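**Q** This is the structure I want to talk about, given as structure tokens.
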There are 2 protein chains.
Amino acid sequence: MSTVSTKADDIAGILEDEIVSGAIPPGAVLRQETLSERFEVSRTPVREALRRLAALGLVSFEPNRGVRVRSISADELREAFLVRAELEALATEVATPKMTPDDLAEMDRIERRFGELTLELRDQARSGAPRDAALFVEWMQANYAFHDVIYRVAELPLVERIAKGARRTFIGDRAWRARAELDELYAKNDLQHRAIREAISAGSAQAARTLAREHVLSSNRLIEVVLETLGAAGREPGWGQ
Amino acid sequence: MSTVSTKADDIAGILEDEIVSGAIPPGAVLRQETLSERFEVSRTPVREALRRLAALGLVSFEPNRGVRVRSISADELREAFLVRAELEALATEVATPKMTPDDLAEMDRIERRFGELTLELRDQARSGAPRDAALFVEWMQANYAFHDVIYRVAELPLVERIAKGARRTFIGDRAWRARAELDELYAKNDLQHRAIREAISAGSAQAARTLAREHVLSSNRLIEVVLETLGAAGREPGWGQ
DNA sequence: TCGGTCAATTTTGGATCCAGTAAGAGGAGA
DNA sequence: TCTCCTCTTACTGGATCCAAAATTGACCGA
């Protein structure tokens with residue numbers, strides 16, 4: 001791990017996080033001057049950072065006009081899920097015969113925590129209390145942690161990079177967190193995790209593969225809810241579309 | 001389509017082609033000054049272009065040392081094929097119900113040409129004549145053209161982008177073109193294309209999917225030959241390892 | 001009041017300049 | 001002769017400067 005890094009890399013990393021997390025909303029226009037003031041550097045490293053983000057598909061350059069954070073379309077979102085489904089299926093298949101008892105134990109630990117959080121979320125929704133954002137974030141992280149074990153064991157860095165790139169395309173869309181009707185999907189998620197874990201444990205790579213694929217694809221319903229919410233959200237600021 | 005473009009974009013595009021085609025070999029060190037002289041611009045747009053290539057994974061930055069064209073490792077190459085196999089399977093499945101008679105006719109036309117080229121390649125190899133690079137390139141292009149029809153019909157731009165990114169990771173490795181023993185793989189390729197075409201024509205998305213996946217995966221043997229050749233090739237120039 | 005034209009301002013893209021770092025050559029000492 | 005140290009050189013990363021393009025807004029005429 002190299003301790004040195006360029007300012008351009010640092011800035012790109014920070015902006016990437018902020019875009020992915022939704023702190024910088026889709027459609028926002030990024031001014032080079034503003035960013036250079038914020039990071040207390042000249043525009044040169046800022047521009048290089050923006051080039052990198054553009055290559056990653058997070059922002060788009062309009063020559064002589066500026067860069068704007070790409071807002072993801074309904075089709076893109078659906079497609080991202082398709083890609084994730086295929087690649088997670090692949091990773092799960094590859095990981096199954098490589099799983100050690102320690103790995104399985106880790107999956108269990110994460111899955112137990114995930115189950116608890118799922119119940120908490122459901123209880124909260126049933127009690128009519130306002131959704132706790134921190135709790136939701138924790139649930140989401142536990143969800144990803146489960147899949148991350150699989151990626152780690154599979155040792156497929158390219159697959160991991162692409163799949164994680166695809167899954168983050170909707171982390172930033174915070175709008176959907178508000179919907180209560182998603183709760184049963186959460187519970188389904190939990191059950192599917194358990195099924196995948198059992199298939200892996202049984203050493204059935206094909207079953208694990210199929211389950212992983214269906215797991216991601218079953219988020220289709222969730223996607224549609226998300227899209228509905230997004231459609232209701234106001235248009236983003238910027239140059240006249 | 002915007003007719004305007006920045007020099008950084010132009011340069012990145014040209015360099016990308018040259019790296020992918022192998023004109024700039026893996027391991028080569030790219031000097032900013034040299035590139036700026038070649039393209040008759042200052043180093044600024046060159047650096048931005050290099051940032052983009054780095055984000056695409058084609059080159060790697062070493063802070064204060066320079067950029068070098070990434071040479072693909074054996075594991076990366078194998079993984080790229082796995083990714084392609086999954087995504088082409090997906091694209092084929094999605095494309096099958098959307099195929100029009102015109103699309104099928106185009107596939108036939110391309111496939112017919114592909115079959116001819118395959119025979120030519122085989123005849124040439126049998127006659128002991130030295131391989132004709134131009135013929136090989138044409139064969140390769142016909143091969144890709146077949147798959148491109150599927151991508152076009154599937155209308156999955158993200159899948160297409162990722163899969164094409166994965167498949168080009170080895171176009172640049174020209175070494176393997178010299179191997180005669182690959183000829184039977186070529187013929188197999190041809191047969192598989194026909195099978196995929198028939199499955200699509202029959203409207204069986206699942207069969208087409210499976211065939212497409214196996215088609216790419218069957219290149220495993222080919223990959224191993226490539227790796228063998230790469231292993232024999234001399235080390236690349238540059239900083240010590 | 002509305003639309004169009006033209007100048008002023010803003011902002012980007014590119015060139016040049018400067019500083020800091022890494023590799024390498026050469027010399028001194030063991 | 002080998003090793004270590006220093007000094008030079010080359011090249012990158014970042015800052016600043018300049019030109020060109022686009023947006024804004026004011027002014028004018030219908």
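Residue numbering restarts at 1 for every chain of the structure tokens, chains are lettered A, B, ... in their displayed order, and ligands are numbered from 1 as they appear.
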Show which residues sit within 10 Å of Leu53 (chain B), as an NGL selection string. Count only C-alpha atoms (C1' of nucleotides), and ignore same-chain residues fewer than 4 positions away.
**A** (:A and (51-52 or 55)) or (:B and (12-13 or 15-16 or 19 or 47-49 or 57-61 or 67 or 69))
**Q** Please identify all residues of chain D having at least one atom at most 7 Å from any atom of chain A, considering only C-alpha atoms (C1' of nucleotides), and return them as a PyMOL selection string.
**A** chain D and resi 14-15+21-22
**Q** Store the residues of this selection in a file with N, CA and C atoms (P, O5', C5', C4', C3', O3' and C1' of nucleotides), as a PDB file, in the first residue's frame.
**A**
```
ATOM      1  P    DG D  14      -0.804  16.780  -7.156  1.00  0.00           P
ATOM      2  O5'  DG D  14      -0.515  18.333  -7.302  1.00  0.00           O
ATOM      3  C5'  DG D  14       0.324  18.974  -6.338  1.00  0.00           C
ATOM      4  C4'  DG D  14       0.474  20.440  -6.681  1.00  0.00           C
ATOM      5  C3'  DG D  14      -0.839  21.205  -6.837  1.00  0.00           C
ATOM      6  O3'  DG D  14      -0.786  22.347  -5.995  1.00  0.00           O
ATOM      7  C1'  DG D  14       0.590  21.617  -8.674  1.00  0.00           C
ATOM      8  P    DA D  15      -1.945  23.439  -6.019  1.00  0.00           P
ATOM      9  O5'  DA D  15      -1.250  24.635  -6.817  1.00  0.00           O
ATOM     10  C5'  DA D  15       0.011  25.125  -6.386  1.00  0.00           C
ATOM     11  C4'  DA D  15       0.376  26.405  -7.123  1.00  0.00           C
ATOM     12  C3'  DA D  15      -0.743  27.435  -7.243  1.00  0.00           C
ATOM     13  O3'  DA D  15      -0.206  28.736  -7.043  1.00  0.00           O
ATOM     14  C1'  DA D  15      -0.026  26.782  -9.417  1.00  0.00           C
ATOM     15  P    DA D  21     -13.695  29.297 -29.680  1.00  0.00           P
ATOM     16  O5'  DA D  21     -14.953  28.708 -28.910  1.00  0.00           O
ATOM     17  C5'  DA D  21     -14.779  27.655 -27.969  1.00  0.00           C
ATOM     18  C4'  DA D  21     -15.806  27.787 -26.864  1.00  0.00           C
ATOM     19  C3'  DA D  21     -17.195  28.182 -27.346  1.00  0.00           C
ATOM     20  O3'  DA D  21     -18.127  27.193 -26.970  1.00  0.00           O
ATOM     21  C1'  DA D  21     -16.513  29.524 -25.487  1.00  0.00           C
ATOM     22  P    DA D  22     -19.656  27.337 -27.328  1.00  0.00           P
ATOM     23  O5'  DA D  22     -20.274  27.824 -25.947  1.00  0.00           O
ATOM     24  C5'  DA D  22     -19.955  27.094 -24.760  1.00  0.00           C
ATOM     25  C4'  DA D  22     -20.586  27.777 -23.566  1.00  0.00           C
ATOM     26  C3'  DA D  22     -22.057  28.137 -23.747  1.00  0.00           C
ATOM     27  O3'  DA D  22     -22.740  27.878 -22.538  1.00  0.00           O
ATOM     28  C1'  DA D  22     -20.841  30.061 -23.178  1.00  0.00           C
TER      29       DA D  22
END
```
**Q** Taking only C-alpha atoms (C1' of nucleotides) into account and nothing else, which residues of chain C lie no more than 10 Å away from chain A? Please answer as an MDAnalysis selection string.
**A** chainID C and resid 11:13
**Q** From the list A:Lys188, A:Arg68, A:His215, A:Arg161, which residue is nearest chain B when using only C-alpha atoms?
**A**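 Closest residue, counting only C-alpha atoms: A:Arg161.
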**Q** Would you list the contacts of Ala91 (chain A) as an mmCIF file with N, CA and C atoms, in the first residue's frame, taking every protein, DNA or RNA residue within 12 Å and counting only C-alpha atoms (C1' of nucleotides), but skipping same-chain residues closer than 3 positions in sequence?
**A**
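Once everything was written out, this is part-v4.cif:
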```cif
data_model
loop_
_atom_site.group_PDB
_atom_site.id
_atom_site.type_symbol
_atom_site.label_atom_id
_atom_site.label_comp_id
_atom_site.auth_asym_id
_atom_site.auth_seq_id
_atom_site.Cartn_x
_atom_site.Cartn_y
_atom_site.Cartn_z
ATOM 1 N N ARG A 84 -25.555 -6.897 -11.548
ATOM 2 C CA ARG A 84 -25.228 -7.383 -10.210
ATOM 3 C C ARG A 84 -25.682 -8.821 -10.031
ATOM 4 N N ALA A 85 -26.870 -9.124 -10.514
ATOM 5 C CA ALA A 85 -27.407 -10.475 -10.333
ATOM 6 C C ALA A 85 -26.479 -11.506 -10.967
ATOM 7 N N GLU A 86 -26.055 -11.246 -12.184
ATOM 8 C CA GLU A 86 -25.186 -12.206 -12.874
ATOM 9 C C GLU A 86 -23.846 -12.347 -12.164
ATOM 10 N N LEU A 87 -23.275 -11.211 -11.798
ATOM 11 C CA LEU A 87 -21.929 -11.268 -11.230
ATOM 12 C C LEU A 87 -21.931 -11.815 -9.804
ATOM 13 N N GLU A 88 -22.972 -11.505 -9.047
ATOM 14 C CA GLU A 88 -23.041 -12.084 -7.704
ATOM 15 C C GLU A 88 -23.253 -13.588 -7.802
ATOM 16 N N VAL A 94 -18.265 -19.452 -7.471
ATOM 17 C CA VAL A 94 -16.822 -19.633 -7.317
ATOM 18 C C VAL A 94 -16.444 -19.739 -5.844
ATOM 19 N N ALA A 95 -17.134 -18.963 -5.019
ATOM 20 C CA ALA A 95 -16.758 -18.917 -3.602
ATOM 21 C C ALA A 95 -17.136 -20.200 -2.865
ATOM 22 N N THR A 96 -18.231 -20.836 -3.295
ATOM 23 C CA THR A 96 -18.756 -21.978 -2.536
ATOM 24 C C THR A 96 -17.701 -23.044 -2.206
ATOM 25 N N PRO A 97 -16.975 -23.568 -3.192
ATOM 26 C CA PRO A 97 -16.003 -24.611 -2.823
ATOM 27 C C PRO A 97 -14.794 -24.075 -2.065
ATOM 28 N N LYS A 98 -14.637 -22.771 -2.000
ATOM 29 C CA LYS A 98 -13.469 -22.202 -1.330
ATOM 30 C C LYS A 98 -13.753 -21.787 0.105
ATOM 31 N N MET A 99 -15.005 -21.926 0.520
ATOM 32 C CA MET A 99 -15.395 -21.468 1.859
ATOM 33 C C MET A 99 -14.760 -22.323 2.944
ATOM 34 N N HIS A 147 -22.608 -9.982 1.620
ATOM 35 C CA HIS A 147 -22.126 -10.230 0.255
ATOM 36 C C HIS A 147 -20.609 -10.068 0.157
ATOM 37 N N ASP A 148 -20.080 -9.169 0.979
ATOM 38 C CA ASP A 148 -18.641 -8.927 0.909
ATOM 39 C C ASP A 148 -17.839 -10.156 1.303
ATOM 40 N N VAL A 149 -18.379 -10.954 2.223
ATOM 41 C CA VAL A 149 -17.684 -12.190 2.588
ATOM 42 C C VAL A 149 -17.550 -13.066 1.343
ATOM 43 N N ILE A 150 -18.624 -13.166 0.604
ATOM 44 C CA ILE A 150 -18.604 -13.980 -0.614
ATOM 45 C C ILE A 150 -17.572 -13.457 -1.600
ATOM 46 N N TYR A 151 -17.560 -12.139 -1.785
ATOM 47 C CA TYR A 151 -16.581 -11.567 -2.716
ATOM 48 C C TYR A 151 -15.159 -11.845 -2.254
ATOM 49 N N ARG A 152 -14.936 -11.700 -0.962
ATOM 50 C CA ARG A 152 -13.579 -11.901 -0.454
ATOM 51 C C ARG A 152 -13.112 -13.323 -0.722
ATOM 52 N N VAL A 153 -13.997 -14.281 -0.462
ATOM 53 C CA VAL A 153 -13.627 -15.682 -0.637
ATOM 54 C C VAL A 153 -13.464 -16.019 -2.122
ATOM 55 N N ALA A 154 -14.310 -15.432 -2.948
ATOM 56 C CA ALA A 154 -14.266 -15.754 -4.379
ATOM 57 C C ALA A 154 -12.953 -15.311 -5.013
ATOM 58 N N GLU A 155 -12.366 -14.255 -4.461
ATOM 59 C CA GLU A 155 -11.109 -13.727 -5.011
ATOM 60 C C GLU A 155 -11.222 -13.414 -6.497
ATOM 61 N N LEU A 156 -12.228 -12.647 -6.825
ATOM 62 C CA LEU A 156 -12.398 -12.196 -8.202
ATOM 63 C C LEU A 156 -12.460 -10.665 -8.191
ATOM 64 N N PRO A 157 -11.302 -10.027 -8.165
ATOM 65 C CA PRO A 157 -11.288 -8.567 -7.967
ATOM 66 C C PRO A 157 -12.049 -7.797 -9.043
ATOM 67 N N LEU A 158 -11.939 -8.276 -10.278
ATOM 68 C CA LEU A 158 -12.638 -7.574 -11.355
ATOM 69 C C LEU A 158 -14.145 -7.659 -11.158
ATOM 70 N N VAL A 159 -14.618 -8.851 -10.868
ATOM 71 C CA VAL A 159 -16.051 -9.034 -10.617
ATOM 72 C C VAL A 159 -16.494 -8.164 -9.453
ATOM 73 N N GLU A 160 -15.693 -8.169 -8.406
ATOM 74 C CA GLU A 160 -16.036 -7.388 -7.225
ATOM 75 C C GLU A 160 -16.126 -5.906 -7.558
ATOM 76 N N ARG A 161 -15.169 -5.436 -8.311
ATOM 77 C CA ARG A 161 -15.155 -4.010 -8.643
ATOM 78 C C ARG A 161 -16.390 -3.629 -9.448
ATOM 79 N N ILE A 162 -16.692 -4.425 -10.455
ATOM 80 C CA ILE A 162 -17.831 -4.098 -11.316
ATOM 81 C C ILE A 162 -19.136 -4.187 -10.536
ATOM 82 N N ALA A 163 -19.276 -5.265 -9.767
ATOM 83 C CA ALA A 163 -20.533 -5.460 -9.042
ATOM 84 C C ALA A 163 -20.741 -4.358 -8.008
ATOM 85 N N ILE A 200 -24.321 -22.820 0.350
ATOM 86 C CA ILE A 200 -22.861 -22.773 0.382
ATOM 87 C C ILE A 200 -22.347 -23.823 1.364
ATOM 88 N N ALA A 205 -22.557 -25.543 -5.234
ATOM 89 C CA ALA A 205 -22.213 -24.297 -5.918
ATOM 90 C C ALA A 205 -23.324 -23.861 -6.864
ATOM 91 N N GLN A 206 -23.947 -24.830 -7.534
ATOM 92 C CA GLN A 206 -24.995 -24.472 -8.489
ATOM 93 C C GLN A 206 -26.209 -23.889 -7.797
ATOM 94 N N ALA A 208 -26.264 -22.458 -4.858
ATOM 95 C CA ALA A 208 -25.880 -21.160 -4.305
ATOM 96 C C ALA A 208 -25.913 -20.104 -5.405
ATOM 97 N N ARG A 209 -25.431 -20.504 -6.570
ATOM 98 C CA ARG A 209 -25.427 -19.596 -7.698
ATOM 99 C C ARG A 209 -26.841 -19.140 -8.034
ATOM 100 N N THR A 210 -27.717 -20.103 -8.174
ATOM 101 C CA THR A 210 -29.103 -19.786 -8.537
ATOM 102 C C THR A 210 -29.763 -18.908 -7.481
ATOM 103 N N LEU A 211 -29.542 -19.242 -6.231
ATOM 104 C CA LEU A 211 -30.136 -18.465 -5.145
ATOM 105 C C LEU A 211 -29.615 -17.029 -5.149
ATOM 106 N N ALA A 212 -28.311 -16.891 -5.363
ATOM 107 C CA ALA A 212 -27.731 -15.545 -5.357
ATOM 108 C C ALA A 212 -28.330 -14.704 -6.477
ATOM 109 N N ARG A 213 -28.512 -15.344 -7.627
ATOM 110 C CA ARG A 213 -29.055 -14.608 -8.772
ATOM 111 C C ARG A 213 -30.487 -14.176 -8.481
ATOM 112 N N GLU B 79 -10.301 -14.121 -15.387
ATOM 113 C CA GLU B 79 -11.476 -13.505 -14.788
ATOM 114 C C GLU B 79 -12.255 -12.695 -15.830
ATOM 115 N N LEU B 82 -14.505 -14.934 -17.568
ATOM 116 C CA LEU B 82 -15.662 -15.304 -16.749
ATOM 117 C C LEU B 82 -16.728 -14.218 -16.797
ATOM 118 N N VAL B 83 -16.275 -12.983 -16.651
ATOM 119 C CA VAL B 83 -17.218 -11.863 -16.678
ATOM 120 C C VAL B 83 -17.924 -11.799 -18.029
ATOM 121 N N GLU B 86 -20.668 -14.456 -18.383
ATOM 122 C CA GLU B 86 -21.924 -14.155 -17.690
ATOM 123 C C GLU B 86 -22.706 -13.066 -18.412
#
```
